[in-house]
Amino acid sequence: MELPPSAAPLRALPADSLPSTVLSAVRDGSAGTADASAYLYEPAIAAGNAAALRACLPAWAEICYAVKANGFAPILDALLSGLGIDGFEVSSTREVRLALDAFDRVASRRRRLVSSGPAKSLALLTALAETPDAVVNVESPGELHRLEGVAARLGRRVTVAVRVNPRQVRLTGSLQMGGRPSAFGVPEPEVPAVLELARRLPHVDVAGFHVHAVSANLDVPAHLDYVRWCLDFAERAARAARMDLRLLDVGGGFGVPFEPDRKGERPFDLARFGDGLSRLAVPTGVQMIFEPGRLLVADCGWYAAQVADVKRSYGTTFVVLRGGIHHFALPTSWEIVHNFAVVNRNGPLLGDPGDQELATGPNGSGDPGRGEDPGVRDPAGSGTTDQAGQTDQAGPAGPAGPAEEREVAATWPMAEVDTTGRAVTVVGELCTPEDTLARDITVGPVRTGDAVVFPMAGAYGYEFALAEFLGHARPRRVVLPPAGGRLRAPRSLPGAHE
Ligand SMILES: *Cc1c(COP(=O)(O)O)cnc(C)c1O
């Protein structure tokens with residue numbers, strides 16, 4: 001794990017670049033009164049992403065959302081009910097349960113499950129064998145044997161795709177892949193032998209192939225090349241084995257722009273991708289599956305953490321969060337510059353209960369959100385709830401929220417460190433220097449009790465964190481009311497979604 005790279009001379013995002021729903025939830029503390037840190041989600045954004053992908057795909061394509069990116073039930077439901085996706089990609093019995101529960105909740109008629117992973121347990125293989133419409137992406141000859149054993153015991157025939165680790169894929173553009181040793185999939189030269197083995201196993205039905213060899217890709221021509229390679233490979237391999245090709249799962253790996261300012265990244269161009277796909281000669285009867293994770297959910301989530309301390313150490317200014325990589329490990333694990341916005345919520349409350357800032361709201365237009373927002377507000381002040389009671393973590397009682405922190409700060413006024421115009425390092429509360437979320441990002445004033453908000457935290461956020469390390473509370477997950485809903489005037493800002 002490397003620290004995130006230095007972001008200098010990057011400036012923090014302006015607070016009003018956050019959607020008004022997020023800004024007011026954070027500013028009035030409703031999302032973090034009992035908990036100093038939280039994930040805020042707008043499931044409608046995920047649903048919109050799925051619908052946008054669906055709209056660009058030909059009829060022969062299915063979408064199975066990779067649950068590992070974000071398994072929060074309201075997100076799964078939104079993806080499924082929005083007509084965008086056909087099912088889920090899962091890798092554990094818990095993810096199978098999350099997926100099946102979502103199918104049931106939204107009474108989905110589409111119930112596709114695909115499953116990958118190099119060490120599938122017997123329990124997982126059994127759950128898959130018992131699920132109609134499940135496809136097992138088999139990773140090795142050993143797994144094929146285990147699956148045969150499980151399926152035979154159940155008296156079922158299981159649909160299988162052989163996961164392939166390609167030898168070499170020539171791609172235009174920025175993408176490189178193929179030929180690397182990996183625990184994932186069957187090396188390309190060994191595919192014929194695995195197909196031969198499968199032919200002798202009566203309870204497995206090989207319908208085709210699976211390749212998931214791309215990650216975080218923003219390059220449309222390269223992704224098209226990759227899909228073309230998969231199709232060409234699948235047709236050749238099926239022909240050589242005299243098998244009937246019915247299924248080709250080309251995995252996920254669509255990127256999202258994490259660093260638009262620094263690297264000029266732009267969103268993956270779906271229209272252009274769809275145009276390229278429409279020219280592919282996919283044989284009749286072949287179903288192609290896409291397994292996007294990040295693309296569908298990255299921008300539907302925000303990670304907000306309260307500032308616990310601001311200090312200087314040998315010339316570096318540290319903003320210390322009541323949070324960190326046990327909540328949000330994305331910036332360290334991928335070594336990306338993950339920019340954030342600082343939401344000031346400190347000063348006015350100290351002396352003035354009228355609190356101008358809150359009364360005015362983020363639009364400066366008498367925003368009515370405060371205290372009236374059923375989506376994020378818990379009148380009892382004992383925690384945060386959402387419309388459907390869909391937060392999933394009660395969190396231990398007792399951690400002081402922003403209001404208490406401010407009260408304490410007021411009774412012991414001390415010299416604040418002035419961060420204005422300085423490049424700061426944002427760290428978490430863990431006792432390890434690895435707990436660093438951002439380095440050298442220039443900010444305005446940041447004080448104890450303020451919040452630091454990271455957008456683009458909807459994918460590989462909550463699930464990917466080091467939850468148990470040091471035993472701090474997990475962040476709460478909160479569903480925001482839809483942007484542009486009754487309570488909020490729509491506004492067009494970078495990062496806001498109408
Ligand atoms: C992680 C994963 C995905 C999703 O990847 P993204 O990069 O989030 O799109 C899809 N398929 C498999 C097999 C995976 O392991």
# chains A, B, ... in the order shown; residues from 1 in each chain; ligands from 1

call {"tool": "residues_near_ligand", "arguments": {"ligand": "ligand 1", "cutoff": "8 Å", "atoms": "only C-alpha atoms and all ligand atoms", "output": "JSON, numbers by chain"}}
result
{"A": [65, 66, 68, 69, 89, 115, 116, 117, 211, 212, 214, 215, 216, 251, 252, 253, 254, 255, 290, 291, 292, 293, 294, 295, 459, 460]}

call {"tool": "write_last_selection", "arguments": {"atoms": "N, CA and C atoms", "output": "short mmCIF file (atom, residue, chain, number, x, y, z; two decimals), in the first residue's frame"}}
result
data_model
loop_
_atom_site.label_atom_id
_atom_site.label_comp_id
_atom_site.auth_asym_id
_atom_site.auth_seq_id
_atom_site.Cartn_x
_atom_site.Cartn_y
_atom_site.Cartn_z
N TYR A 65 -24.53 -6.55 -12.79
CA TYR A 65 -23.77 -5.62 -11.95
C TYR A 65 -22.92 -6.38 -10.93
N ALA A 66 -21.65 -6.00 -10.81
CA ALA A 66 -20.74 -6.66 -9.87
C ALA A 66 -20.99 -6.16 -8.45
N LYS A 68 -19.69 -6.66 -5.68
CA LYS A 68 -18.57 -6.29 -4.81
C LYS A 68 -18.30 -4.79 -4.82
N ALA A 69 -18.69 -4.10 -5.87
CA ALA A 69 -18.44 -2.66 -5.93
C ALA A 69 -19.26 -1.90 -4.89
N GLU A 89 -23.37 -10.01 -10.63
CA GLU A 89 -22.16 -10.81 -10.59
C GLU A 89 -21.78 -10.93 -9.11
N SER A 115 -21.09 -15.89 -11.48
CA SER A 115 -20.19 -15.92 -10.34
C SER A 115 -18.76 -16.23 -10.75
N SER A 116 -17.84 -15.39 -10.28
CA SER A 116 -16.42 -15.60 -10.52
C SER A 116 -15.70 -15.60 -9.19
N GLY A 117 -14.44 -15.99 -9.23
CA GLY A 117 -13.64 -15.99 -8.01
C GLY A 117 -12.82 -17.26 -7.94
N VAL A 211 -14.17 -13.61 -19.76
CA VAL A 211 -12.89 -12.90 -19.67
C VAL A 211 -13.14 -11.62 -18.88
N HIS A 212 -12.36 -11.41 -17.85
CA HIS A 212 -12.43 -10.13 -17.13
C HIS A 212 -11.00 -9.67 -16.95
N VAL A 214 -9.87 -6.32 -17.89
CA VAL A 214 -9.71 -4.88 -18.02
C VAL A 214 -10.14 -4.24 -16.71
N SER A 215 -9.48 -3.16 -16.35
CA SER A 215 -9.86 -2.47 -15.12
C SER A 215 -9.77 -0.97 -15.31
N ALA A 216 -10.77 -0.26 -14.84
CA ALA A 216 -10.76 1.20 -14.81
C ALA A 216 -10.40 1.82 -16.16
N GLY A 251 -16.87 -9.45 -18.78
CA GLY A 251 -16.43 -8.81 -17.54
C GLY A 251 -16.82 -7.36 -17.42
N GLY A 252 -16.14 -6.69 -16.49
CA GLY A 252 -16.41 -5.26 -16.24
C GLY A 252 -15.22 -4.44 -16.69
N GLY A 253 -14.85 -3.47 -15.88
CA GLY A 253 -13.63 -2.74 -16.15
C GLY A 253 -13.79 -1.38 -16.81
N PHE A 254 -15.03 -0.90 -16.92
CA PHE A 254 -15.21 0.47 -17.43
C PHE A 254 -14.76 1.46 -16.35
N GLY A 255 -14.01 2.46 -16.76
CA GLY A 255 -13.49 3.42 -15.79
C GLY A 255 -14.41 4.60 -15.55
N PHE A 290 -22.07 -8.15 -19.84
CA PHE A 290 -21.14 -7.18 -19.27
C PHE A 290 -21.34 -7.18 -17.76
N GLU A 291 -20.23 -7.04 -17.03
CA GLU A 291 -20.29 -7.08 -15.56
C GLU A 291 -19.72 -5.80 -14.97
N PRO A 292 -20.31 -4.66 -15.24
CA PRO A 292 -19.74 -3.42 -14.70
C PRO A 292 -19.98 -3.31 -13.21
N GLY A 293 -19.00 -2.78 -12.51
CA GLY A 293 -19.17 -2.44 -11.10
C GLY A 293 -19.06 -0.94 -10.96
N ARG A 294 -17.80 -0.50 -11.01
CA ARG A 294 -17.48 0.92 -10.77
C ARG A 294 -18.32 1.89 -11.61
N LEU A 295 -18.46 1.58 -12.90
CA LEU A 295 -19.15 2.50 -13.81
C LEU A 295 -20.56 2.85 -13.30
N ALA A 459 -18.31 3.42 -5.35
CA ALA A 459 -17.80 2.10 -5.73
C ALA A 459 -16.54 1.79 -4.94
N TYR A 460 -16.44 0.57 -4.45
CA TYR A 460 -15.27 0.13 -3.70
C TYR A 460 -14.95 1.09 -2.55
#

call {"tool": "residues_around", "arguments": {"residues": "region 151-156 of chain A", "least_positions_apart": "4", "cutoff": "8 Å", "atoms": "only C-alpha atoms", "output": "list in words"}}
result
Thr126, Ala129, Glu130, Leu147, His203 and Val204 of chain A

call {"tool": "select_by_dssp", "arguments": {"residues": "region 17-137 of chain A", "states": "strand (DSSP E or B)", "output": "list of chain:residue names"}}
result
A:Ser37, A:Ala38, A:Tyr39, A:Leu40, A:Tyr41, A:Ala61, A:Glu62, A:Ile63, A:Cys64, A:Tyr65, A:Ala66, A:Gly87, A:Phe88, A:Glu89, A:Val90, A:Arg112, A:Leu113, A:Val114, A:Ser115, A:Ala134, A:Val135, A:Val136, A:Asn137

call {"tool": "write_last_selection", "arguments": {"atoms": "N, CA, C and O atoms", "output": "PDB file, in the first residue's frame"}}
result
ATOM      1  N   SER A  37     -18.925  10.264  10.763  1.00  0.00           N
ATOM      2  CA  SER A  37     -18.612  10.003   9.365  1.00  0.00           C
ATOM      3  C   SER A  37     -19.691   9.113   8.769  1.00  0.00           C
ATOM      4  O   SER A  37     -20.313   8.323   9.475  1.00  0.00           O
ATOM      5  N   ALA A  38     -19.899   9.258   7.477  1.00  0.00           N
ATOM      6  CA  ALA A  38     -21.000   8.526   6.848  1.00  0.00           C
ATOM      7  C   ALA A  38     -20.784   8.444   5.347  1.00  0.00           C
ATOM      8  O   ALA A  38     -20.068   9.256   4.763  1.00  0.00           O
ATOM      9  N   TYR A  39     -21.370   7.417   4.759  1.00  0.00           N
ATOM     10  CA  TYR A  39     -21.523   7.369   3.305  1.00  0.00           C
ATOM     11  C   TYR A  39     -22.913   7.866   2.962  1.00  0.00           C
ATOM     12  O   TYR A  39     -23.899   7.437   3.568  1.00  0.00           O
ATOM     13  N   LEU A  40     -22.974   8.764   2.005  1.00  0.00           N
ATOM     14  CA  LEU A  40     -24.254   9.293   1.536  1.00  0.00           C
ATOM     15  C   LEU A  40     -24.458   8.782   0.111  1.00  0.00           C
ATOM     16  O   LEU A  40     -23.553   8.879  -0.721  1.00  0.00           O
ATOM     17  N   TYR A  41     -25.644   8.267  -0.160  1.00  0.00           N
ATOM     18  CA  TYR A  41     -25.898   7.685  -1.479  1.00  0.00           C
ATOM     19  C   TYR A  41     -27.142   8.271  -2.116  1.00  0.00           C
ATOM     20  O   TYR A  41     -28.143   8.523  -1.436  1.00  0.00           O
ATOM     21  N   ALA A  61     -26.875  -8.092 -25.566  1.00  0.00           N
ATOM     22  CA  ALA A  61     -26.048  -7.863 -24.373  1.00  0.00           C
ATOM     23  C   ALA A  61     -26.887  -7.844 -23.099  1.00  0.00           C
ATOM     24  O   ALA A  61     -27.990  -7.308 -23.076  1.00  0.00           O
ATOM     25  N   GLU A  62     -26.338  -8.446 -22.057  1.00  0.00           N
ATOM     26  CA  GLU A  62     -26.947  -8.395 -20.723  1.00  0.00           C
ATOM     27  C   GLU A  62     -26.010  -7.633 -19.793  1.00  0.00           C
ATOM     28  O   GLU A  62     -24.801  -7.601 -20.009  1.00  0.00           O
ATOM     29  N   ILE A  63     -26.594  -7.069 -18.741  1.00  0.00           N
ATOM     30  CA  ILE A  63     -25.774  -6.401 -17.729  1.00  0.00           C
ATOM     31  C   ILE A  63     -25.951  -7.113 -16.391  1.00  0.00           C
ATOM     32  O   ILE A  63     -27.058  -7.216 -15.879  1.00  0.00           O
ATOM     33  N   CYS A  64     -24.848  -7.618 -15.856  1.00  0.00           N
ATOM     34  CA  CYS A  64     -24.857  -8.192 -14.515  1.00  0.00           C
ATOM     35  C   CYS A  64     -23.934  -7.342 -13.644  1.00  0.00           C
ATOM     36  O   CYS A  64     -22.704  -7.417 -13.763  1.00  0.00           O
ATOM     37  N   TYR A  65     -24.527  -6.554 -12.790  1.00  0.00           N
ATOM     38  CA  TYR A  65     -23.771  -5.624 -11.949  1.00  0.00           C
ATOM     39  C   TYR A  65     -22.916  -6.382 -10.929  1.00  0.00           C
ATOM     40  O   TYR A  65     -23.405  -7.292 -10.255  1.00  0.00           O
ATOM     41  N   ALA A  66     -21.655  -6.002 -10.808  1.00  0.00           N
ATOM     42  CA  ALA A  66     -20.735  -6.663  -9.866  1.00  0.00           C
ATOM     43  C   ALA A  66     -20.991  -6.156  -8.449  1.00  0.00           C
ATOM     44  O   ALA A  66     -20.624  -5.029  -8.102  1.00  0.00           O
ATOM     45  N   GLY A  87     -29.186  -8.673 -13.811  1.00  0.00           N
ATOM     46  CA  GLY A  87     -28.840  -9.513 -12.681  1.00  0.00           C
ATOM     47  C   GLY A  87     -27.533  -9.049 -12.072  1.00  0.00           C
ATOM     48  O   GLY A  87     -27.119  -7.897 -12.266  1.00  0.00           O
ATOM     49  N   PHE A  88     -26.890  -9.981 -11.358  1.00  0.00           N
ATOM     50  CA  PHE A  88     -25.731  -9.603 -10.571  1.00  0.00           C
ATOM     51  C   PHE A  88     -24.561 -10.550 -10.802  1.00  0.00           C
ATOM     52  O   PHE A  88     -24.743 -11.729 -11.089  1.00  0.00           O
ATOM     53  N   GLU A  89     -23.375 -10.007 -10.628  1.00  0.00           N
ATOM     54  CA  GLU A  89     -22.162 -10.815 -10.589  1.00  0.00           C
ATOM     55  C   GLU A  89     -21.781 -10.929  -9.114  1.00  0.00           C
ATOM     56  O   GLU A  89     -21.680  -9.918  -8.420  1.00  0.00           O
ATOM     57  N   VAL A  90     -21.620 -12.174  -8.634  1.00  0.00           N
ATOM     58  CA  VAL A  90     -21.408 -12.410  -7.207  1.00  0.00           C
ATOM     59  C   VAL A  90     -20.228 -13.344  -6.995  1.00  0.00           C
ATOM     60  O   VAL A  90     -19.881 -14.134  -7.881  1.00  0.00           O
ATOM     61  N   ARG A 112     -30.704 -13.121 -13.390  1.00  0.00           N
ATOM     62  CA  ARG A 112     -29.432 -13.721 -13.793  1.00  0.00           C
ATOM     63  C   ARG A 112     -28.396 -13.553 -12.675  1.00  0.00           C
ATOM     64  O   ARG A 112     -28.260 -12.471 -12.113  1.00  0.00           O
ATOM     65  N   LEU A 113     -27.676 -14.620 -12.379  1.00  0.00           N
ATOM     66  CA  LEU A 113     -26.509 -14.535 -11.503  1.00  0.00           C
ATOM     67  C   LEU A 113     -25.315 -15.086 -12.264  1.00  0.00           C
ATOM     68  O   LEU A 113     -25.422 -16.141 -12.898  1.00  0.00           O
ATOM     69  N   VAL A 114     -24.207 -14.392 -12.221  1.00  0.00           N
ATOM     70  CA  VAL A 114     -22.957 -14.976 -12.696  1.00  0.00           C
ATOM     71  C   VAL A 114     -21.969 -14.906 -11.543  1.00  0.00           C
ATOM     72  O   VAL A 114     -22.025 -13.991 -10.717  1.00  0.00           O
ATOM     73  N   SER A 115     -21.087 -15.886 -11.481  1.00  0.00           N
ATOM     74  CA  SER A 115     -20.187 -15.923 -10.335  1.00  0.00           C
ATOM     75  C   SER A 115     -18.763 -16.226 -10.754  1.00  0.00           C
ATOM     76  O   SER A 115     -18.501 -17.180 -11.479  1.00  0.00           O
ATOM     77  N   ALA A 134     -28.293 -19.210 -13.074  1.00  0.00           N
ATOM     78  CA  ALA A 134     -26.936 -18.913 -12.607  1.00  0.00           C
ATOM     79  C   ALA A 134     -25.916 -19.456 -13.600  1.00  0.00           C
ATOM     80  O   ALA A 134     -26.110 -20.514 -14.196  1.00  0.00           O
ATOM     81  N   VAL A 135     -24.854 -18.683 -13.788  1.00  0.00           N
ATOM     82  CA  VAL A 135     -23.734 -19.130 -14.614  1.00  0.00           C
ATOM     83  C   VAL A 135     -22.498 -19.148 -13.726  1.00  0.00           C
ATOM     84  O   VAL A 135     -22.197 -18.144 -13.073  1.00  0.00           O
ATOM     85  N   VAL A 136     -21.801 -20.267 -13.693  1.00  0.00           N
ATOM     86  CA  VAL A 136     -20.578 -20.340 -12.911  1.00  0.00           C
ATOM     87  C   VAL A 136     -19.395 -20.128 -13.851  1.00  0.00           C
ATOM     88  O   VAL A 136     -19.189 -20.906 -14.787  1.00  0.00           O
ATOM     89  N   ASN A 137     -18.661 -19.062 -13.605  1.00  0.00           N
ATOM     90  CA  ASN A 137     -17.447 -18.821 -14.383  1.00  0.00           C
ATOM     91  C   ASN A 137     -16.330 -19.627 -13.738  1.00  0.00           C
ATOM     92  O   ASN A 137     -15.790 -19.258 -12.702  1.00  0.00           O
TER      93      ASN A 137
END

call {"tool": "residues_around", "arguments": {"residues": "Tyr462 (chain A)", "least_positions_apart": "2", "cutoff": "9 Å", "atoms": "only C-alpha atoms", "output": "list in words"}}
result
Tyr39, Ala69, Asn70, Tyr303, His326, His327, Phe328, Ala329, Ala457, Gly458, Ala459, Tyr460, Phe464, Ala465, Ala467, Arg474, Pro475 and Arg477 of chain A

call {"tool": "write_last_selection", "arguments": {"atoms": "N, CA, C and O atoms", "output": "PDB file, in the first residue's frame"}}
result
ATOM      1  N   TYR A  39     -21.370   7.417   4.759  1.00  0.00           N
ATOM      2  CA  TYR A  39     -21.523   7.369   3.305  1.00  0.00           C
ATOM      3  C   TYR A  39     -22.913   7.866   2.962  1.00  0.00           C
ATOM      4  O   TYR A  39     -23.899   7.437   3.568  1.00  0.00           O
ATOM      5  N   ALA A  69     -18.691  -4.097  -5.874  1.00  0.00           N
ATOM      6  CA  ALA A  69     -18.439  -2.658  -5.926  1.00  0.00           C
ATOM      7  C   ALA A  69     -19.261  -1.898  -4.886  1.00  0.00           C
ATOM      8  O   ALA A  69     -18.800  -0.899  -4.320  1.00  0.00           O
ATOM      9  N   ASN A  70     -20.483  -2.353  -4.655  1.00  0.00           N
ATOM     10  CA  ASN A  70     -21.343  -1.730  -3.637  1.00  0.00           C
ATOM     11  C   ASN A  70     -22.555  -2.632  -3.441  1.00  0.00           C
ATOM     12  O   ASN A  70     -23.379  -2.758  -4.331  1.00  0.00           O
ATOM     13  N   TYR A 303     -18.300  10.064   0.558  1.00  0.00           N
ATOM     14  CA  TYR A 303     -17.830   9.726   1.899  1.00  0.00           C
ATOM     15  C   TYR A 303     -17.544  11.029   2.638  1.00  0.00           C
ATOM     16  O   TYR A 303     -16.751  11.854   2.167  1.00  0.00           O
ATOM     17  N   HIS A 326     -10.160   2.752   7.303  1.00  0.00           N
ATOM     18  CA  HIS A 326     -11.078   1.706   7.785  1.00  0.00           C
ATOM     19  C   HIS A 326     -12.499   1.979   7.292  1.00  0.00           C
ATOM     20  O   HIS A 326     -13.372   1.134   7.410  1.00  0.00           O
ATOM     21  N   HIS A 327     -12.722   3.184   6.743  1.00  0.00           N
ATOM     22  CA  HIS A 327     -13.995   3.517   6.098  1.00  0.00           C
ATOM     23  C   HIS A 327     -13.835   3.579   4.590  1.00  0.00           C
ATOM     24  O   HIS A 327     -14.717   3.196   3.848  1.00  0.00           O
ATOM     25  N   PHE A 328     -12.717   4.124   4.160  1.00  0.00           N
ATOM     26  CA  PHE A 328     -12.557   4.547   2.773  1.00  0.00           C
ATOM     27  C   PHE A 328     -11.089   4.363   2.371  1.00  0.00           C
ATOM     28  O   PHE A 328     -10.256   5.197   2.695  1.00  0.00           O
ATOM     29  N   ALA A 329     -10.801   3.262   1.701  1.00  0.00           N
ATOM     30  CA  ALA A 329      -9.409   2.928   1.416  1.00  0.00           C
ATOM     31  C   ALA A 329      -9.027   3.158  -0.047  1.00  0.00           C
ATOM     32  O   ALA A 329      -7.910   2.872  -0.458  1.00  0.00           O
ATOM     33  N   ALA A 457     -17.395   8.151  -4.313  1.00  0.00           N
ATOM     34  CA  ALA A 457     -17.074   7.154  -3.291  1.00  0.00           C
ATOM     35  C   ALA A 457     -18.093   6.014  -3.273  1.00  0.00           C
ATOM     36  O   ALA A 457     -18.138   5.232  -2.336  1.00  0.00           O
ATOM     37  N   GLY A 458     -18.892   5.933  -4.343  1.00  0.00           N
ATOM     38  CA  GLY A 458     -19.946   4.924  -4.349  1.00  0.00           C
ATOM     39  C   GLY A 458     -19.464   3.516  -4.689  1.00  0.00           C
ATOM     40  O   GLY A 458     -20.124   2.538  -4.370  1.00  0.00           O
ATOM     41  N   ALA A 459     -18.314   3.419  -5.349  1.00  0.00           N
ATOM     42  CA  ALA A 459     -17.805   2.097  -5.730  1.00  0.00           C
ATOM     43  C   ALA A 459     -16.537   1.789  -4.942  1.00  0.00           C
ATOM     44  O   ALA A 459     -15.663   2.641  -4.811  1.00  0.00           O
ATOM     45  N   TYR A 460     -16.440   0.566  -4.446  1.00  0.00           N
ATOM     46  CA  TYR A 460     -15.267   0.132  -3.696  1.00  0.00           C
ATOM     47  C   TYR A 460     -14.954   1.092  -2.550  1.00  0.00           C
ATOM     48  O   TYR A 460     -13.799   1.404  -2.271  1.00  0.00           O
ATOM     49  N   PHE A 464     -14.750  -1.935   0.609  1.00  0.00           N
ATOM     50  CA  PHE A 464     -13.335  -2.190   0.339  1.00  0.00           C
ATOM     51  C   PHE A 464     -12.434  -1.751   1.494  1.00  0.00           C
ATOM     52  O   PHE A 464     -11.233  -1.921   1.462  1.00  0.00           O
ATOM     53  N   ALA A 465     -13.018  -1.196   2.549  1.00  0.00           N
ATOM     54  CA  ALA A 465     -12.218  -0.594   3.607  1.00  0.00           C
ATOM     55  C   ALA A 465     -11.706  -1.638   4.614  1.00  0.00           C
ATOM     56  O   ALA A 465     -12.192  -2.756   4.671  1.00  0.00           O
ATOM     57  N   ALA A 467     -12.188  -2.534   7.647  1.00  0.00           N
ATOM     58  CA  ALA A 467     -13.191  -2.227   8.669  1.00  0.00           C
ATOM     59  C   ALA A 467     -12.768  -2.537  10.108  1.00  0.00           C
ATOM     60  O   ALA A 467     -13.099  -1.796  11.021  1.00  0.00           O
ATOM     61  N   ARG A 474     -17.870   1.733  12.328  1.00  0.00           N
ATOM     62  CA  ARG A 474     -18.021   1.804  10.880  1.00  0.00           C
ATOM     63  C   ARG A 474     -18.854   3.030  10.538  1.00  0.00           C
ATOM     64  O   ARG A 474     -19.660   3.485  11.345  1.00  0.00           O
ATOM     65  N   PRO A 475     -18.682   3.559   9.340  1.00  0.00           N
ATOM     66  CA  PRO A 475     -19.504   4.705   8.956  1.00  0.00           C
ATOM     67  C   PRO A 475     -20.933   4.248   8.685  1.00  0.00           C
ATOM     68  O   PRO A 475     -21.152   3.117   8.251  1.00  0.00           O
ATOM     69  N   ARG A 477     -24.428   4.298   6.560  1.00  0.00           N
ATOM     70  CA  ARG A 477     -24.768   4.464   5.138  1.00  0.00           C
ATOM     71  C   ARG A 477     -26.147   5.099   5.066  1.00  0.00           C
ATOM     72  O   ARG A 477     -27.099   4.581   5.650  1.00  0.00           O
TER      73      ARG A 477
END

call {"tool": "atom_distance", "arguments": {"atom1": "CA of Glu463 (chain A)", "atom2": "CA of Ile325 (chain A)"}}
result
11.2 Å

call {"tool": "residues_around", "arguments": {"residues": "Pro43 (chain A)", "least_positions_apart": "6", "cutoff": "12 Å", "atoms": "only C-alpha atoms", "output": "ChimeraX atom specification"}}
result
/A:49-50,70-82,296-302,390,458,477-483,497

call {"tool": "select_by_dssp", "arguments": {"residues": "region 26-65 of chain A", "states": "alpha helix (DSSP H)", "output": "ChimeraX atom specification"}}
result
/A:26-27,43-56

call {"tool": "closest_residue", "arguments": {"among": "A:Val191, A:Leu57, A:Leu248, A:Leu124", "to": "Glu95 (chain A)", "atoms": "only C-alpha atoms"}}
result
A:Leu124

call {"tool": "residues_around", "arguments": {"residues": "Gly276 (chain A)", "least_positions_apart": "4", "cutoff": "8 Å", "atoms": "only C-alpha atoms", "output": "list in words"}}
result
Leu224, Arg272 and Leu280 of chain A

call {"tool": "write_last_selection", "arguments": {"atoms": "N, CA and C atoms", "output": "mmCIF file, in the first residue's frame"}}
result
data_model
loop_
_atom_site.group_PDB
_atom_site.id
_atom_site.type_symbol
_atom_site.label_atom_id
_atom_site.label_comp_id
_atom_site.auth_asym_id
_atom_site.auth_seq_id
_atom_site.Cartn_x
_atom_site.Cartn_y
_atom_site.Cartn_z
ATOM 1 N N LEU A 224 -13.363 -1.626 -27.140
ATOM 2 C CA LEU A 224 -13.973 -2.308 -28.292
ATOM 3 C C LEU A 224 -13.043 -3.389 -28.835
ATOM 4 N N ARG A 272 -20.329 6.260 -28.020
ATOM 5 C CA ARG A 272 -19.317 5.785 -28.964
ATOM 6 C C ARG A 272 -19.091 4.275 -28.811
ATOM 7 N N LEU A 280 -20.477 -4.956 -34.386
ATOM 8 C CA LEU A 280 -19.916 -6.297 -34.161
ATOM 9 C C LEU A 280 -20.843 -7.350 -34.742
#

call {"tool": "residues_around", "arguments": {"residues": "Arg422 (chain A)", "least_positions_apart": "4", "cutoff": "8 Å", "atoms": "only C-alpha atoms", "output": "NGL selection string"}}
result
:A and (317 or 441-444)

call {"tool": "write_last_selection", "arguments": {"atoms": "all heavy atoms", "output": "PDB file, in the first residue's frame"}}
result
ATOM      1  N   THR A 317       0.966  20.610   7.202  1.00  0.00           N
ATOM      2  CA  THR A 317      -0.307  20.799   7.900  1.00  0.00           C
ATOM      3  C   THR A 317      -1.160  19.548   7.713  1.00  0.00           C
ATOM      4  O   THR A 317      -1.411  19.126   6.577  1.00  0.00           O
ATOM      5  CB  THR A 317      -1.052  22.028   7.341  1.00  0.00           C
ATOM      6  OG1 THR A 317      -0.169  23.152   7.408  1.00  0.00           O
ATOM      7  CG2 THR A 317      -2.313  22.315   8.147  1.00  0.00           C
ATOM      8  N   ILE A 441      -3.119  18.994  -0.986  1.00  0.00           N
ATOM      9  CA  ILE A 441      -4.258  19.636  -1.650  1.00  0.00           C
ATOM     10  C   ILE A 441      -4.522  20.961  -0.932  1.00  0.00           C
ATOM     11  O   ILE A 441      -4.626  21.011   0.297  1.00  0.00           O
ATOM     12  CB  ILE A 441      -5.501  18.727  -1.643  1.00  0.00           C
ATOM     13  CG1 ILE A 441      -5.221  17.490  -2.514  1.00  0.00           C
ATOM     14  CG2 ILE A 441      -6.737  19.498  -2.135  1.00  0.00           C
ATOM     15  CD1 ILE A 441      -6.379  16.566  -2.752  1.00  0.00           C
ATOM     16  N   THR A 442      -4.573  22.024  -1.722  1.00  0.00           N
ATOM     17  CA  THR A 442      -4.691  23.360  -1.148  1.00  0.00           C
ATOM     18  C   THR A 442      -6.135  23.651  -0.757  1.00  0.00           C
ATOM     19  O   THR A 442      -7.055  23.417  -1.544  1.00  0.00           O
ATOM     20  CB  THR A 442      -4.187  24.414  -2.160  1.00  0.00           C
ATOM     21  OG1 THR A 442      -2.822  24.099  -2.480  1.00  0.00           O
ATOM     22  CG2 THR A 442      -4.252  25.822  -1.582  1.00  0.00           C
ATOM     23  N   VAL A 443      -6.296  24.119   0.455  1.00  0.00           N
ATOM     24  CA  VAL A 443      -7.642  24.322   1.001  1.00  0.00           C
ATOM     25  C   VAL A 443      -7.831  25.752   1.485  1.00  0.00           C
ATOM     26  O   VAL A 443      -6.864  26.517   1.590  1.00  0.00           O
ATOM     27  CB  VAL A 443      -7.897  23.355   2.185  1.00  0.00           C
ATOM     28  CG1 VAL A 443      -7.896  21.906   1.717  1.00  0.00           C
ATOM     29  CG2 VAL A 443      -6.876  23.562   3.305  1.00  0.00           C
ATOM     30  N   GLY A 444      -9.061  26.089   1.802  1.00  0.00           N
ATOM     31  CA  GLY A 444      -9.372  27.320   2.529  1.00  0.00           C
ATOM     32  C   GLY A 444      -9.304  27.021   4.013  1.00  0.00           C
ATOM     33  O   GLY A 444      -8.561  26.138   4.449  1.00  0.00           O
TER      34      GLY A 444
END

call {"tool": "atom_distance", "arguments": {"atom1": "CA of Arg27 (chain A)", "atom2": "CA of Pro445 (chain A)"}}
result
15.1 Å
